[in-house]
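S.K.: Got a structure for you, written out below as structure tokens; questions coming shortly.
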Amino acid sequence: MSLFLQIIVNGILLGGLYSLMALGLALVWGVLNIVNLSHGAFIMLGAYASYYFFTLLHLDPFAALPLCMLTVFALGFLLQRYVLNLIVRGPMFNTLLITFGIDVVLTYLAQIVFSADFRVVNPSYAGANFTMFGATLPLVRALAFAMAIALTLAVWLILGHTRIGRAVRACAQNLVAARLYGVEPRTVYALTFGMGAALAGAAGDLYGVVSQINPYIGDPLTAKSFAISIIGGLENPLGVVVGGLFLGILESLTSLYVGSTYTDVASFGVLVLVLITRPKGLLGRTT
Amino acid sequence: MQPILTVNHLTKRFGGLVAVDDVSFDLFEGEILGLIGPNGAGKTTMVSLISGTISPSTGKVLFQGAPIAHLPAFRRSRLGIGRTFQLMKPFPGLNVLDNVAVGALFGTGGGKRHLEEAREDAAHWLGFVGLGHRERQRADELGGPDRKRLELAKALAMNPRLLLLDEVMAGLHHGEIDEVVCVIRKVQNRGITVLLIEHVMKAIQSLSDRVLVLHHGTKIAEGTADAVLSDPQVVDAYLGTRRV
Amino acid sequence: MRRVGSIVFVAVVLALLLLPWLATPALIQFGTTTLLLATLAQSWNIIGGYAGYASFGNSVFYGIGGYGTAIAMVQFGLPFGIGILLGAVLAMFFALLLGLPVLRLRGHYFAIATLALAEAMTGIVSNLDIAGRNIGLVLPLRKGDAFFYELSLGLLALATLTVFWISRSRFGFGLIAIREDEDAAGVMGVNTTLYKALAFLLAGFFSALAGGIHAYWITFIDPVSAFDITLNVMMIIMAIFGGAGTIFGPLVGAVLLSSISEVLATEITGMASLFFGLVIVVAVVFMPRGLADLLRRLPGLGWRYFRENLWLHRL
């Protein structure tokens, strides 16, 4: 029984990080209708940022979180403002293609600049554990989980209760009307995409603490973020949380009861099932 | 004589909204039935229920005696039901001729098998509606009235037995309305039955053999144009009192 | 003018046929790869270009075709001809099985579902013993680049002929109608479910054959390379760059992009990826309708062609 509990706890901790990973993607997708296939590359860049802050400036990864977010935010903002804004009103498929192209370029540049060697961020407390309810929680994972939930709540609050958030939502609903009310869509879009990127960067920072970093971690994480966004549903901001936790627990259970090589099969199998039966996700309305 | 179309206690609910509420009527072969009512009365929903774009919550639809309520749209087209859309949707990437050719290729009985035959048919129908001179133009370059003609030609190319027309005259001026009325008469002369949704009363009056009035999804009147248009309920709900 | 065109066409076809006896081994290998890529682009063209369903899943069928061939040859000792046919049949079976539910989705949901399938395949196959798990399978060696070259050429010709037939048939018209407006197509009598499934099947068929040839040619197959997503995107880019929904667009796209990528790769290693990435970005911004459209309208519009595209799509 306690093994089962441990598995669930592992799944929840993993799920928290997953939720954060998917949050940036879901935000940009839900609000800007941009499907960002380079999302994983931003996560990867966030991870490298935290690695260099750690090794060069001896900054603790949790302390470096705002810096990582800012770095990746800047990249995302510029990319949207000067590249993606050029094709936003075209067919949706074009955004899929162009973001894939960006993904390829970013991955390649990362490989050139950082080399393909595996990197790890190892703060001094990396191996620490504590127990709760009979389960062992690795400290870093628990902290990552806490950070992830905190950031998710922050995004929810920003979107719902600030001027920027209102501007973003206005653009999402009616671009023309938003313009008439003085909102400048180009900047708002760039800000939103930047936010999505920043969240990816944050996820990357936390990811670097619990797993290894190399230029190629992006694509599988993009795919996973998709799965989470769709499983949870894009309409409800809590969707990513539900999706992330669901996937985390599913993978944890699959790993134990079926085999660790089957986790991807399980995740994507569920994704396809959801797309077919409830395309709006677990939290979406069925009408 | 058996009606070509029978609608029996047809109801359609969208969540809490009842768009069509227990409506029944018959449509006889060769006649033109006008369907009028205020906006939101359920007219387009009714047409969509008949053409198969949506399925009913309850009730039956019989075409030439056979039930069709659960057939998908394309099967109903094969049986001979054609419709135009209120929001005109030409195939943007194709030229006018090919737009109509799609109808000829896939219409009643499965349509034509060969592109050449279909294009010939299409050319014929374009001439019929008065768009012959625009065969080679891209469909999305057409102006409003021409788009309506195109919609009509597309539906006619399917060789329908029953034609559902959804506000083909909206936004047209008097001269254009007269032309469309003329075309619809020609359609009737070919033996095609027509269900005509319109707000343009003079067209309804001059074309319809009978008229049906919908209000809030229910049928509130049915009869000849004159009878219906002077019915006090209809006047209240839709027409308003005439200012002398 | 038409006579000149026909003569040029025949000359090109002859040159292509005789290439293995005229060119260096490196060129023949490049040719084979390009021919296979062109076939993939052409097969995507059927479901993505004509039917308008942008599938990211053709690599699934490519991989299944390759694995079918490999398993038949390695595990059952069957000859190549049978193997590749089995691969194709297997792929079509999956195209139907997976296609029918997935084709009910629209727009980017369809694209993502197919992407998810492609991702899942790698995981599934790496757990199958019969497929050699993550190590993969080694196929029997067959010497002779000319054989694979001509086979690939034949496959491309078949695929292109199929697209040619589609472009002038009732089926093709139905697909185009589905692409332009699926609801209207249905109301006009097109059996959209059947047609989409058929398009998906055809695309899967040609992708599988290409996969089978490729596996036998390089005598090796493993889950990661068989279901490579990048391959998927390359074939889409080639089809779109050249002109989706046209007969020769995918061919032109494949040849052009492959050639440029090859030239660059010799200058700078690893450059191919960067090149493709940049091409995608630039092409999507400045020529989203592909080369075919560009060639048709550029002479008339000049630089305004690019400005027009920007204008249409920019925020």
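For the structure tokens, the naming scheme is as follows: chains receive sequential letters (A, B, ...) according to their order of presentation, residues are indexed from 1 within each chain, and ligands are indexed from 1 in presentation order.
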Could you list the residues in chain C lying within 10 Å of chain A, using only C-alpha atoms, and format the result as a PyMOL selection string?
M.R.: chain C and resi 53-54+98+101-105+107-127+229-230+233+236-237+270-286+288+309-315
S.K.: Using only C-alpha atoms, I'd like every residue of chain B that has an atom within 10 Å of chain C; please write them out as a ChimeraX atom specification.
M.R.: /B:48,51-53,72-85,88-94,98-116,118,154-155,157-158
S.K.: Take the residues from that selection and write them out as a PDB file, in the first residue's frame, keeping C-alpha atoms.
M.R.:
```
ATOM      1  CA  SER B  48     -30.785  22.408 -41.744  1.00  0.00           C
ATOM      2  CA  SER B  51     -30.974  18.964 -45.481  1.00  0.00           C
ATOM      3  CA  GLY B  52     -29.164  16.969 -42.846  1.00  0.00           C
ATOM      4  CA  THR B  53     -26.689  19.486 -41.530  1.00  0.00           C
ATOM      5  CA  PRO B  72     -26.098  12.130 -43.115  1.00  0.00           C
ATOM      6  CA  ALA B  73     -26.260  15.215 -45.315  1.00  0.00           C
ATOM      7  CA  PHE B  74     -24.528  13.734 -48.295  1.00  0.00           C
ATOM      8  CA  ARG B  75     -26.993  10.858 -48.533  1.00  0.00           C
ATOM      9  CA  ARG B  76     -29.903  13.244 -48.561  1.00  0.00           C
ATOM     10  CA  SER B  77     -28.244  15.117 -51.396  1.00  0.00           C
ATOM     11  CA  ARG B  78     -27.993  11.873 -53.300  1.00  0.00           C
ATOM     12  CA  LEU B  79     -31.711  11.366 -52.754  1.00  0.00           C
ATOM     13  CA  GLY B  80     -32.432  14.729 -54.298  1.00  0.00           C
ATOM     14  CA  ILE B  81     -32.447  17.401 -51.614  1.00  0.00           C
ATOM     15  CA  GLY B  82     -30.474  20.515 -52.466  1.00  0.00           C
ATOM     16  CA  ARG B  83     -30.032  23.680 -50.437  1.00  0.00           C
ATOM     17  CA  THR B  84     -28.436  27.079 -50.507  1.00  0.00           C
ATOM     18  CA  PHE B  85     -26.737  28.633 -47.496  1.00  0.00           C
ATOM     19  CA  MET B  88     -22.838  32.017 -48.877  1.00  0.00           C
ATOM     20  CA  LYS B  89     -19.917  29.682 -48.937  1.00  0.00           C
ATOM     21  CA  PRO B  90     -18.384  29.273 -52.354  1.00  0.00           C
ATOM     22  CA  PHE B  91     -15.335  27.062 -52.638  1.00  0.00           C
ATOM     23  CA  PRO B  92     -12.803  29.889 -52.596  1.00  0.00           C
ATOM     24  CA  GLY B  93      -9.966  28.183 -54.408  1.00  0.00           C
ATOM     25  CA  LEU B  94     -12.050  27.062 -57.367  1.00  0.00           C
ATOM     26  CA  ASP B  98     -15.823  24.281 -61.039  1.00  0.00           C
ATOM     27  CA  ASN B  99     -17.802  25.392 -58.010  1.00  0.00           C
ATOM     28  CA  VAL B 100     -20.967  24.436 -59.819  1.00  0.00           C
ATOM     29  CA  ALA B 101     -19.353  21.327 -61.274  1.00  0.00           C
ATOM     30  CA  VAL B 102     -18.998  19.941 -57.748  1.00  0.00           C
ATOM     31  CA  GLY B 103     -22.748  19.963 -57.511  1.00  0.00           C
ATOM     32  CA  ALA B 104     -23.055  18.205 -60.843  1.00  0.00           C
ATOM     33  CA  LEU B 105     -20.514  15.579 -59.829  1.00  0.00           C
ATOM     34  CA  PHE B 106     -22.101  14.684 -56.537  1.00  0.00           C
ATOM     35  CA  GLY B 107     -25.765  15.419 -56.803  1.00  0.00           C
ATOM     36  CA  THR B 108     -28.868  13.334 -57.038  1.00  0.00           C
ATOM     37  CA  GLY B 109     -28.232   9.686 -57.685  1.00  0.00           C
ATOM     38  CA  GLY B 110     -24.525  10.200 -57.201  1.00  0.00           C
ATOM     39  CA  GLY B 111     -24.113  12.775 -59.915  1.00  0.00           C
ATOM     40  CA  LYS B 112     -22.022  12.566 -63.032  1.00  0.00           C
ATOM     41  CA  ARG B 113     -18.959  10.392 -63.224  1.00  0.00           C
ATOM     42  CA  HIS B 114     -16.851  12.488 -65.542  1.00  0.00           C
ATOM     43  CA  LEU B 115     -15.417  15.927 -65.164  1.00  0.00           C
ATOM     44  CA  GLU B 116     -16.239  16.951 -68.737  1.00  0.00           C
ATOM     45  CA  ALA B 118     -20.079  17.820 -65.060  1.00  0.00           C
ATOM     46  CA  LYS B 154     -24.504  24.995 -57.288  1.00  0.00           C
ATOM     47  CA  ALA B 155     -27.698  23.672 -55.750  1.00  0.00           C
ATOM     48  CA  ALA B 157     -26.483  21.468 -60.648  1.00  0.00           C
ATOM     49  CA  MET B 158     -27.207  18.727 -58.170  1.00  0.00           C
TER      50      MET B 158
END
```
S.K.: Just list the residues in segment 158-284 of chain C DSSP gives alpha helix (DSSP H) on the backbone, as a PyMOL selection string.
M.R.: chain C and resi 158-167+170-180+182-187+192-218+223-226+229-242+249-267+271-284
S.K.: Hey, list the chain B side of the contact with chain A: 12 Å cut-off, only C-alpha atoms, answer as number ranges by chain.
M.R.: B: 13-16
S.K.: Mind dumping the selected residues with C-alpha atoms as a PDB file, in the first residue's frame?
M.R.:
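Result written to out.pdb:
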```
ATOM      1  CA  ARG B  13     -33.134  21.644 -28.875  1.00  0.00           C
ATOM      2  CA  PHE B  14     -29.734  23.289 -28.455  1.00  0.00           C
ATOM      3  CA  GLY B  15     -29.066  22.821 -24.768  1.00  0.00           C
ATOM      4  CA  GLY B  16     -31.831  24.811 -23.136  1.00  0.00           C
TER       5      GLY B  16
END
```
S.K.: Among segment 5-239 of chain B, which ones does DSSP assign to strand (DSSP E) (computed from the backbone)? Answer as an MDAnalysis selection string.
M.R.: chainID B and resid 5:14 17:27 32:36 58:63 66:67 81:83 162:166 193:197 210:215 218:223
S.K.: May I have the residues within 7 Å of segment 165-173 of chain A as a list in words, using only C-alpha atoms and disregarding those fewer than 2 positions away in the same chain?
M.R.: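 These residues fall inside the cut-off: Val31, Leu32, Ile158, Leu159, Gly160, His161, Thr162, Arg163, Leu175, Ala178, Val183, Pro185, Val188 and Thr192 of chain A.
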S.K.: Using atom CA of Leu25 of chain A and atom CA of Ala154 of chain A as the two end points, give the distance in Å to one decimal.
M.R.: 15.8 Å
S.K.: Write out as a PyMOL selection string each polymer residue whose atoms come within 12 Å of Trp44 of chain C, counting only C-alpha atoms; drop sequence neighbours fewer than 4 positions from it.
M.R.: chain C and resi 37-40+48-59+61-62+159-160+163+199-208+231-240+243-247+249-251
S.K.: With only C-alpha atoms as the counted atoms, please give the residues lying no more than 9 Å from Ala197 of chain A, apart from itself and same-chain residues fewer than 4 positions off, as a PyMOL selection string.
M.R.: chain A and resi 24-25+28+39+42-43+46+69+72-77+192-193+201-202
S.K.: When you count only C-alpha atoms, which of these residues is closest to Leu247 of chain A: A:Ile217, A:Leu5, A:Gly196, A:Gly11?
M.R.: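 Closest to Leu247 of chain A of all the choices is A:Gly11.
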